[in-house]
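K.L.:
Sharing coords.txt below, compact mmCIF, C-alpha atoms:
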```txt
# COMPACT_ATOMS: atom_id res chain seq x y z
CA MET A 1 0.00 0.00 0.00
CA THR A 2 1.41 3.37 -1.04
CA LYS A 3 1.85 5.91 1.74
CA GLN A 4 -0.28 9.04 1.58
CA GLU A 5 2.67 11.42 1.56
CA PRO A 6 4.45 13.42 -1.17
CA ILE A 7 7.30 11.82 -3.11
CA LYS A 8 8.79 15.18 -4.16
CA SER A 9 8.13 14.49 -7.83
CA GLY A 10 9.76 17.68 -9.10
CA TYR A 11 6.56 18.72 -10.82
CA GLY A 12 4.07 21.23 -9.43
CA ALA A 13 0.88 23.25 -9.71
CA ARG A 14 1.90 24.90 -12.97
CA THR A 15 3.18 21.79 -14.74
CA GLU A 16 1.61 21.37 -18.20
CA ALA A 17 -0.21 18.16 -19.06
CA ARG A 18 2.19 17.14 -21.83
CA ASP A 19 5.19 17.53 -19.49
CA ALA A 20 3.65 15.41 -16.72
CA ILE A 21 4.10 12.28 -18.86
CA GLY A 22 7.81 12.47 -18.13
CA GLY A 23 8.86 11.69 -21.69
CA ARG A 24 7.16 8.27 -21.73
CA ASP A 25 6.24 6.92 -25.18
CA LEU A 26 2.60 5.77 -25.12
CA THR A 27 2.59 4.22 -28.58
CA GLY A 28 0.50 1.06 -28.50
CA LYS A 29 -1.33 2.11 -25.33
CA VAL A 30 -5.13 2.37 -25.29
CA ALA A 31 -6.86 4.97 -23.11
CA ILE A 32 -10.42 6.01 -22.33
CA VAL A 33 -11.11 9.52 -21.02
CA THR A 34 -14.72 10.20 -20.03
CA GLY A 35 -15.63 13.78 -20.80
CA GLY A 36 -12.40 14.01 -22.75
CA TYR A 37 -13.71 16.63 -25.16
CA SER A 38 -14.09 19.64 -22.86
CA GLY A 39 -12.02 21.58 -20.34
CA LEU A 40 -9.29 19.63 -18.60
CA GLY A 41 -10.66 16.41 -20.15
CA LEU A 42 -9.81 17.74 -23.60
CA GLU A 43 -6.30 18.68 -22.46
CA THR A 44 -5.91 15.17 -21.00
CA THR A 45 -6.94 13.67 -24.33
CA LYS A 46 -4.49 15.90 -26.23
CA ALA A 47 -1.58 14.98 -23.93
CA LEU A 48 -2.18 11.23 -24.11
CA ALA A 49 -2.80 11.21 -27.85
CA GLY A 50 0.21 13.46 -28.44
CA ALA A 51 2.41 10.88 -26.71
CA GLY A 52 1.16 8.15 -29.04
CA ALA A 53 -1.78 6.58 -27.19
CA ILE A 54 -5.05 5.71 -28.90
CA VAL A 55 -7.67 7.63 -26.92
CA ILE A 56 -11.37 6.82 -26.89
CA VAL A 57 -13.56 9.69 -25.76
CA PRO A 58 -17.08 8.66 -24.73
CA ALA A 59 -19.56 11.52 -24.48
CA ARG A 60 -23.22 12.12 -23.70
CA THR A 61 -23.34 14.68 -26.54
CA PRO A 62 -21.41 13.04 -29.42
CA GLU A 63 -21.95 15.94 -31.82
CA LYS A 64 -20.32 18.40 -29.42
CA ALA A 65 -17.44 16.00 -28.82
CA GLN A 66 -16.82 15.45 -32.52
CA LYS A 67 -16.44 19.19 -33.11
CA ALA A 68 -14.04 19.57 -30.16
CA LEU A 69 -11.87 16.65 -31.27
CA VAL A 70 -11.46 17.60 -34.93
CA GLY A 71 -7.82 17.48 -36.02
CA ILE A 72 -6.50 15.54 -33.03
CA ALA A 73 -4.75 12.36 -34.20
CA ASN A 74 -5.19 8.97 -32.47
CA VAL A 75 -8.61 9.89 -31.05
CA GLU A 76 -11.90 8.00 -31.42
CA GLN A 77 -15.31 9.13 -30.21
CA ALA A 78 -18.24 7.12 -28.82
CA ALA A 79 -21.58 7.63 -27.09
CA LEU A 80 -21.95 7.25 -23.32
CA ASP A 81 -24.37 8.61 -20.73
CA LEU A 82 -23.00 7.94 -17.25
CA ALA A 83 -26.46 8.42 -15.73
CA ASP A 84 -27.92 5.62 -17.88
CA PRO A 85 -26.87 2.05 -16.93
CA ALA A 86 -27.93 0.69 -20.33
CA SER A 87 -25.74 3.27 -22.09
CA ILE A 88 -22.77 2.31 -19.91
CA ASP A 89 -23.22 -1.38 -20.71
CA ALA A 90 -23.60 -0.64 -24.43
CA PHE A 91 -20.41 1.42 -24.55
CA ALA A 92 -18.39 -1.10 -22.56
CA GLY A 93 -19.73 -4.01 -24.59
CA GLY A 94 -18.82 -2.30 -27.83
CA PHE A 95 -15.33 -1.50 -26.58
CA LEU A 96 -14.68 -5.06 -25.38
CA SER A 97 -15.89 -6.50 -28.68
CA ARG A 98 -13.21 -4.53 -30.54
CA THR A 99 -10.36 -4.19 -28.04
CA LYS A 100 -8.84 -6.73 -25.67
CA LYS A 101 -6.85 -4.44 -23.41
CA LEU A 102 -7.23 -1.06 -21.76
CA ASP A 103 -4.07 0.53 -20.39
CA ILE A 104 -5.49 3.79 -19.04
CA LEU A 105 -8.97 4.70 -17.81
CA ILE A 106 -9.51 8.27 -16.69
CA ASN A 107 -12.88 8.79 -15.03
CA ASN A 108 -12.94 12.50 -15.69
CA ALA A 109 -16.53 13.47 -16.54
CA ALA A 110 -18.58 15.16 -13.83
CA ILE A 111 -21.34 17.55 -12.95
CA MET A 112 -20.98 20.09 -10.16
CA ALA A 113 -23.34 22.04 -7.89
CA SER A 114 -26.38 21.12 -9.93
CA PRO A 115 -29.96 21.66 -8.77
CA LEU A 116 -31.66 18.55 -7.45
CA MET A 117 -31.98 16.13 -10.34
CA ARG A 118 -32.63 12.41 -10.36
CA ASP A 119 -31.94 9.68 -12.90
CA ALA A 120 -34.47 7.11 -14.05
CA ARG A 121 -33.74 5.02 -10.93
CA GLY A 122 -34.48 7.94 -8.64
CA TYR A 123 -30.82 8.36 -7.73
CA GLU A 124 -29.51 11.87 -7.02
CA ALA A 125 -27.65 13.05 -10.12
CA GLN A 126 -24.27 14.15 -8.75
CA PHE A 127 -23.68 10.90 -6.86
CA ALA A 128 -25.13 8.83 -9.71
CA THR A 129 -23.12 10.49 -12.47
CA ASN A 130 -19.83 11.26 -10.76
CA HIS A 131 -19.51 8.05 -8.74
CA LEU A 132 -21.98 5.30 -9.61
CA GLY A 133 -21.66 5.74 -13.36
CA HIS A 134 -17.88 5.46 -13.22
CA PHE A 135 -18.12 2.55 -10.78
CA GLN A 136 -20.26 0.60 -13.25
CA LEU A 137 -18.12 1.62 -16.23
CA THR A 138 -14.91 0.48 -14.54
CA ALA A 139 -16.51 -2.81 -13.51
CA ARG A 140 -17.67 -3.49 -17.07
CA LEU A 141 -14.24 -2.64 -18.49
CA TRP A 142 -12.43 -4.79 -15.91
CA PRO A 143 -11.56 -7.65 -18.33
CA ALA A 144 -9.65 -5.21 -20.56
CA LEU A 145 -7.94 -3.49 -17.63
CA LYS A 146 -6.80 -6.83 -16.26
CA ALA A 147 -5.64 -7.98 -19.71
CA ALA A 148 -3.35 -4.95 -20.01
CA GLY A 149 -1.21 -6.33 -17.19
CA ASN A 150 -0.10 -2.87 -16.10
CA ALA A 151 -3.17 -0.62 -16.23
CA ARG A 152 -3.91 2.57 -14.36
CA VAL A 153 -7.31 4.00 -13.44
CA VAL A 154 -7.59 7.66 -12.47
CA SER A 155 -10.67 9.01 -10.68
CA LEU A 156 -11.21 12.76 -10.64
CA SER A 157 -11.94 13.92 -7.12
CA SER A 158 -11.75 17.53 -5.94
CA ILE A 159 -10.82 19.73 -3.01
CA GLY A 160 -14.61 19.78 -2.73
CA HIS A 161 -14.30 16.43 -0.96
CA ARG A 162 -13.56 18.44 2.19
CA ILE A 163 -17.21 19.56 2.30
CA ALA A 164 -18.59 16.16 3.31
CA PRO A 165 -17.96 12.42 3.33
CA PRO A 166 -20.45 10.16 1.55
CA ASP A 167 -23.72 9.55 3.37
CA LEU A 168 -24.14 5.79 3.09
CA ASP A 169 -27.52 5.89 4.81
CA ASP A 170 -29.09 8.56 2.61
CA PRO A 171 -27.03 8.84 -0.59
CA ASN A 172 -29.97 10.22 -2.59
CA PHE A 173 -31.17 12.97 -0.22
CA GLU A 174 -34.43 11.19 0.41
CA ARG A 175 -34.51 12.03 4.12
CA THR A 176 -32.30 15.11 4.28
CA GLU A 177 -32.69 18.48 2.60
CA TYR A 178 -30.77 18.72 -0.67
CA ASN A 179 -27.74 21.00 -0.76
CA LYS A 180 -25.89 21.19 -4.07
CA TRP A 181 -22.48 21.67 -2.47
CA VAL A 182 -22.91 18.95 0.13
CA SER A 183 -23.95 16.64 -2.71
CA TYR A 184 -20.86 17.56 -4.69
CA GLY A 185 -18.62 17.03 -1.67
CA ARG A 186 -20.12 13.61 -1.03
CA ALA A 187 -19.63 12.58 -4.66
CA LYS A 188 -16.03 13.77 -4.78
CA SER A 189 -15.24 11.96 -1.53
CA ALA A 190 -16.76 8.87 -3.12
CA ASN A 191 -14.46 9.27 -6.12
CA ALA A 192 -11.43 9.28 -3.80
CA LEU A 193 -12.68 6.25 -1.88
CA PHE A 194 -13.36 4.38 -5.11
CA ALA A 195 -9.67 4.68 -6.02
CA ILE A 196 -8.77 3.04 -2.71
CA GLY A 197 -11.27 0.22 -3.18
CA LEU A 198 -10.24 -0.41 -6.76
CA ASP A 199 -6.53 -0.41 -5.97
CA GLN A 200 -7.09 -2.95 -3.18
CA ARG A 201 -8.82 -5.27 -5.63
CA GLY A 202 -6.75 -4.51 -8.70
CA ALA A 203 -3.13 -4.43 -7.51
CA ALA A 204 -2.74 -8.21 -7.68
CA HIS A 205 -3.74 -8.02 -11.35
CA GLY A 206 -1.48 -5.08 -12.20
CA VAL A 207 -4.33 -2.56 -12.10
CA ARG A 208 -3.46 0.47 -9.98
CA ALA A 209 -5.84 3.29 -9.10
CA PHE A 210 -5.39 6.92 -8.15
CA ALA A 211 -7.62 9.80 -7.07
CA VAL A 212 -6.83 13.27 -8.37
CA HIS A 213 -7.63 16.81 -7.30
CA PRO A 214 -6.90 18.76 -10.49
CA GLY A 215 -6.95 22.19 -8.87
CA GLY A 216 -9.23 25.13 -9.56
CA ILE A 217 -9.94 25.48 -13.28
CA MET A 218 -12.65 27.57 -14.92
CA THR A 219 -14.39 25.23 -17.38
CA ASP A 220 -17.85 24.10 -18.44
CA LEU A 221 -18.01 22.27 -15.09
CA GLN A 222 -19.27 25.56 -13.59
CA ARG A 223 -22.24 25.72 -15.97
CA PHE A 224 -24.80 25.43 -13.15
CA MET A 225 -23.29 28.37 -11.26
CA PRO A 226 -24.59 31.91 -11.91
CA GLU A 227 -22.03 34.68 -12.37
CA GLU A 228 -22.95 36.32 -9.06
CA GLU A 229 -22.17 33.10 -7.19
CA LYS A 230 -18.74 32.85 -8.84
CA ARG A 231 -18.04 36.45 -7.82
CA ALA A 232 -19.20 35.85 -4.26
CA MET A 233 -16.85 32.88 -3.97
CA GLY A 234 -13.93 34.93 -5.30
CA TRP A 235 -13.54 32.86 -8.44
CA ILE A 236 -14.00 35.85 -10.75
CA ASP A 237 -13.94 39.61 -10.18
CA GLU A 238 -16.62 42.14 -11.10
CA HIS A 239 -15.24 42.26 -14.64
CA GLY A 240 -15.36 38.49 -15.12
CA ASN A 241 -11.60 37.99 -14.81
CA VAL A 242 -10.63 34.61 -13.34
CA ASN A 243 -8.75 34.58 -10.02
CA GLU A 244 -5.01 34.13 -10.55
CA ARG A 245 -4.92 31.08 -8.27
CA PHE A 246 -6.87 29.14 -10.88
CA LYS A 247 -4.96 26.88 -13.24
CA THR A 248 -5.25 26.71 -17.00
CA PRO A 249 -7.02 23.60 -18.34
CA SER A 250 -3.66 22.11 -19.36
CA GLN A 251 -2.23 22.66 -15.88
CA GLY A 252 -5.40 21.19 -14.40
CA ALA A 253 -5.04 18.08 -16.55
CA ALA A 254 -1.42 17.53 -15.54
CA THR A 255 -2.07 15.55 -12.35
CA SER A 256 -4.46 13.18 -14.15
CA VAL A 257 -1.84 12.63 -16.84
CA TRP A 258 0.93 12.20 -14.25
CA CYS A 259 -1.05 9.54 -12.40
CA ALA A 260 -2.02 7.79 -15.63
CA THR A 261 1.43 7.61 -17.19
CA ASN A 262 4.46 8.75 -15.23
CA ALA A 263 7.08 6.15 -14.29
CA GLN A 264 7.45 7.78 -10.86
CA LEU A 265 4.28 5.96 -9.82
CA ASP A 266 5.18 2.51 -11.14
CA GLY A 267 4.19 -0.07 -8.54
CA GLN A 268 2.15 2.42 -6.50
CA GLY A 269 -1.54 3.19 -6.12
CA GLY A 270 -4.49 3.84 -3.85
CA VAL A 271 -3.55 7.44 -3.08
CA TYR A 272 -5.03 10.91 -3.50
CA CYS A 273 -2.86 13.24 -5.60
CA GLU A 274 -2.67 16.95 -6.36
CA ASP A 275 -0.21 19.24 -8.16
CA CYS A 276 1.51 16.22 -9.75
CA ASP A 277 2.44 14.64 -6.44
CA ILE A 278 0.87 12.55 -3.72
CA ALA A 279 -1.04 14.91 -1.42
CA ILE A 280 -0.46 15.28 2.29
CA ALA A 281 -3.05 13.93 4.71
CA VAL A 282 -4.56 16.74 6.78
CA ALA A 283 -6.94 17.08 9.73
CA PRO A 284 -10.71 17.09 9.14
CA ASP A 285 -10.97 20.77 10.04
CA ASP A 286 -7.87 21.94 8.16
CA PRO A 287 -8.83 25.33 6.64
CA SER A 288 -6.46 25.15 3.67
CA PHE A 289 -7.29 24.33 0.07
CA ALA A 290 -4.65 21.60 0.00
CA GLY A 291 -4.34 18.03 1.23
CA VAL A 292 -6.79 15.18 1.69
CA ARG A 293 -9.22 14.86 4.59
CA PRO A 294 -9.35 11.61 6.63
CA TRP A 295 -12.70 10.34 5.35
CA ALA A 296 -11.50 10.39 1.73
CA ILE A 297 -8.69 7.92 2.50
CA ASP A 298 -10.54 5.75 5.02
CA HIS A 299 -10.17 2.12 3.92
CA ALA A 300 -13.06 0.87 6.04
CA LEU A 301 -15.34 3.55 4.58
CA ALA A 302 -14.10 2.64 1.10
CA ASP A 303 -15.21 -0.96 1.63
CA LYS A 304 -18.65 0.13 2.85
CA LEU A 305 -19.06 2.47 -0.13
CA TRP A 306 -18.02 -0.36 -2.46
CA ALA A 307 -20.73 -2.63 -1.06
CA LEU A 308 -23.32 0.15 -1.35
CA SER A 309 -22.26 0.87 -4.93
CA GLU A 310 -22.69 -2.78 -5.90
CA ARG A 311 -26.18 -2.79 -4.38
CA MET A 312 -27.21 0.48 -6.03
CA THR A 313 -25.91 -0.44 -9.48
CA GLY A 314 -26.67 -4.13 -9.35
CA VAL A 315 -23.16 -4.67 -10.68
CA LYS A 316 -20.85 -7.12 -8.96
CA PHE A 317 -17.19 -6.31 -9.47
CA GLU A 318 -15.57 -9.60 -10.44
CA ALA A 319 -11.91 -8.87 -9.72
CA ALA A 320 -10.64 -12.46 -9.85
```
I'd like the structure from this file rewritten - as structure tokens, please.

P.N.:
Amino acid sequence: MTKQEPIKSGYGARTEARDAIGGRDLTGKVAIVTGGYSGLGLETTKALAGAGAIVIVPARTPEKAQKALVGIANVEQAALDLADPASIDAFAGGFLSRTKKLDILINNAAIMASPLMRDARGYEAQFATNHLGHFQLTARLWPALKAAGNARVVSLSSIGHRIAPPDLDDPNFERTEYNKWVSYGRAKSANALFAIGLDQRGAAHGVRAFAVHPGGIMTDLQRFMPEEEKRAMGWIDEHGNVNERFKTPSQGAATSVWCATNAQLDGQGGVYCEDCDIAIAVAPDDPSFAGVRPWAIDHALADKLWALSERMTGVKFEAA
């Protein structure tokens, strides 16, 4: 088990995505990047494809993705709605019918701070899309991950995990009042815990998992937030200028790319990373915007979330 402490990688908050690969040639590698056509997902796709990998970009809006991906070599596009279990199974089935191995899976797509929405199952949308959808997708793609022999799975978490741990008793806000930020925090904590659970089950098969906080980046992820809310939070000023502490999309993608490819992490996994390094573990009430809170790296909680996720999706993760 990798220790949750920095390795002094030499990279940092302003590292560009292409540089985080560390010069590794990805020719012959196959990658999937959910949401890989917008924001930091697009920069992740560009970096991996630019290093030689074949990158499949599944998207809920294929037409939008096709336009964004025009002119990028080594990229294929497919349809996928993470809130629709049938769509997940169809995408995974199609991939497995054509490809035997998957070297890199980056669970990047997400929604943030949305109003209360529910999928066809009645599940709250942020938890269902950000966590359960990727849980089911990873489970369905498991045969190809295992076949790669040395695969990496990256789950996009967020500093937002500090808002709240997952509520395993009421994950869909059926008994508690909905709060868009609490929901987001729960989902992002779940993403971090999923990396722990997957690494525990996958390490013996050469599948290693990482959770990533990409940093603050102004992208389409903020589409549910009105301008006045962004100003009140200090993300933009009265003229719409983005706060200087925010990263560019390429800098935001760098930690995902580092975890997915860099040789510095060979043989490691099950950790939460930020700024192209393993993050420090901090106290639950730490006021900073750095580090990982205890509930997001709690192995017992990760196991409980795993069991809940299997029940909610009806998908058993066959790791053997």

K.L.:
Find the spatial neighbours of A:Phe127, counting all atoms listed in the file, within a cut-off of 9 Å - ignore same-chain residues fewer than 3 positions away - and output them as a list of chain:residue names.

P.N.:
A:Tyr123, A:Glu124, A:Asn130, A:His131, A:Leu132, A:Gly133, A:Pro171, A:Asn172, A:Ser183, A:Tyr184, A:Arg186, A:Ala187, A:Lys188, A:Ala190

K.L.:
Could you jot down the atom CA of A:Pro294 to atom CA of A:Ser189 separation for me, Å, one decimal place?

P.N.:
10.1 Å

K.L.:
What separation in Å, quoted to one decimal, exists between atom CA of A:Thr34 and atom CA of A:Ser288?

P.N.:
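Computing the Euclidean distance for atom CA of A:Thr34 and atom CA of A:Ser288 yields 29.2 Å.
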
K.L.:
Considering only C-alpha atoms, return as a list in words whatever protein or nucleic-acid residues lie within 9 Å of stretch 65-78 of chain A, sequence-local ones (same chain, fewer than 4 positions apart) excluded.

P.N.:
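Close residues of stretch 65-78 of chain A: Gly35, Gly36, Tyr37, Ser38, Leu42, Thr45, Lys46, Ala49, Gly50, Gly52, Ala53, Ile54, Val55, Ile56, Val57, Pro58, Ala59, Arg60, Thr61 and Phe91 of chain A.
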
K.L.:
Of the residues A:Ile280, A:Ala51, A:Ala148, A:Leu26, which is the one nearest to A:Asp103, using all atoms listed in the file?

P.N.:
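Answer, going by the shortest atom-to-atom distance: A:Ala148.
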
K.L.:
Rebuild stretch 279-292 of chain A to N, CA, C and O atoms - output it as a PDB file, in the frame of the given file, please.

P.N.:
```pdb
ATOM      1  N   ALA A 279      -0.664  13.841  -2.339  1.00  0.00           N
ATOM      2  CA  ALA A 279      -1.040  14.910  -1.420  1.00  0.00           C
ATOM      3  C   ALA A 279      -0.732  14.534   0.025  1.00  0.00           C
ATOM      4  O   ALA A 279      -0.640  13.351   0.374  1.00  0.00           O
ATOM      5  N   ILE A 280      -0.624  15.533   0.861  1.00  0.00           N
ATOM      6  CA  ILE A 280      -0.460  15.280   2.290  1.00  0.00           C
ATOM      7  C   ILE A 280      -1.831  14.980   2.911  1.00  0.00           C
ATOM      8  O   ILE A 280      -2.858  15.456   2.437  1.00  0.00           O
ATOM      9  N   ALA A 281      -1.832  14.180   3.947  1.00  0.00           N
ATOM     10  CA  ALA A 281      -3.050  13.930   4.710  1.00  0.00           C
ATOM     11  C   ALA A 281      -3.176  15.036   5.762  1.00  0.00           C
ATOM     12  O   ALA A 281      -2.212  15.346   6.455  1.00  0.00           O
ATOM     13  N   VAL A 282      -4.371  15.634   5.850  1.00  0.00           N
ATOM     14  CA  VAL A 282      -4.560  16.740   6.780  1.00  0.00           C
ATOM     15  C   VAL A 282      -5.736  16.443   7.719  1.00  0.00           C
ATOM     16  O   VAL A 282      -6.509  15.507   7.502  1.00  0.00           O
ATOM     17  N   ALA A 283      -5.874  17.257   8.753  1.00  0.00           N
ATOM     18  CA  ALA A 283      -6.940  17.080   9.730  1.00  0.00           C
ATOM     19  C   ALA A 283      -8.303  17.401   9.117  1.00  0.00           C
ATOM     20  O   ALA A 283      -8.393  18.145   8.138  1.00  0.00           O
ATOM     21  N   PRO A 284      -9.378  16.862   9.683  1.00  0.00           N
ATOM     22  CA  PRO A 284     -10.710  17.090   9.140  1.00  0.00           C
ATOM     23  C   PRO A 284     -11.102  18.562   9.056  1.00  0.00           C
ATOM     24  O   PRO A 284     -11.812  18.962   8.152  1.00  0.00           O
ATOM     25  N   ASP A 285     -10.599  19.359   9.997  1.00  0.00           N
ATOM     26  CA  ASP A 285     -10.970  20.770  10.040  1.00  0.00           C
ATOM     27  C   ASP A 285      -9.875  21.681   9.487  1.00  0.00           C
ATOM     28  O   ASP A 285      -9.895  22.895   9.715  1.00  0.00           O
ATOM     29  N   ASP A 286      -8.939  21.122   8.751  1.00  0.00           N
ATOM     30  CA  ASP A 286      -7.870  21.940   8.160  1.00  0.00           C
ATOM     31  C   ASP A 286      -8.506  22.986   7.242  1.00  0.00           C
ATOM     32  O   ASP A 286      -9.294  22.642   6.361  1.00  0.00           O
ATOM     33  N   PRO A 287      -8.175  24.270   7.415  1.00  0.00           N
ATOM     34  CA  PRO A 287      -8.830  25.330   6.640  1.00  0.00           C
ATOM     35  C   PRO A 287      -8.241  25.549   5.245  1.00  0.00           C
ATOM     36  O   PRO A 287      -8.785  26.336   4.466  1.00  0.00           O
ATOM     37  N   SER A 288      -7.147  24.892   4.928  1.00  0.00           N
ATOM     38  CA  SER A 288      -6.460  25.150   3.670  1.00  0.00           C
ATOM     39  C   SER A 288      -7.187  24.517   2.487  1.00  0.00           C
ATOM     40  O   SER A 288      -8.088  23.696   2.640  1.00  0.00           O
ATOM     41  N   PHE A 289      -6.750  24.896   1.300  1.00  0.00           N
ATOM     42  CA  PHE A 289      -7.290  24.330   0.070  1.00  0.00           C
ATOM     43  C   PHE A 289      -6.401  23.201  -0.451  1.00  0.00           C
ATOM     44  O   PHE A 289      -6.477  22.844  -1.621  1.00  0.00           O
ATOM     45  N   ALA A 290      -5.564  22.659   0.411  1.00  0.00           N
ATOM     46  CA  ALA A 290      -4.650  21.600   0.000  1.00  0.00           C
ATOM     47  C   ALA A 290      -4.859  20.366   0.879  1.00  0.00           C
ATOM     48  O   ALA A 290      -5.483  20.426   1.945  1.00  0.00           O
ATOM     49  N   GLY A 291      -4.325  19.237   0.424  1.00  0.00           N
ATOM     50  CA  GLY A 291      -4.340  18.030   1.230  1.00  0.00           C
ATOM     51  C   GLY A 291      -5.642  17.257   1.140  1.00  0.00           C
ATOM     52  O   GLY A 291      -6.632  17.712   0.575  1.00  0.00           O
ATOM     53  N   VAL A 292      -5.624  16.053   1.724  1.00  0.00           N
ATOM     54  CA  VAL A 292      -6.790  15.180   1.690  1.00  0.00           C
ATOM     55  C   VAL A 292      -7.291  14.933   3.108  1.00  0.00           C
ATOM     56  O   VAL A 292      -6.508  14.672   4.018  1.00  0.00           O
TER      57      VAL A 292
END
```
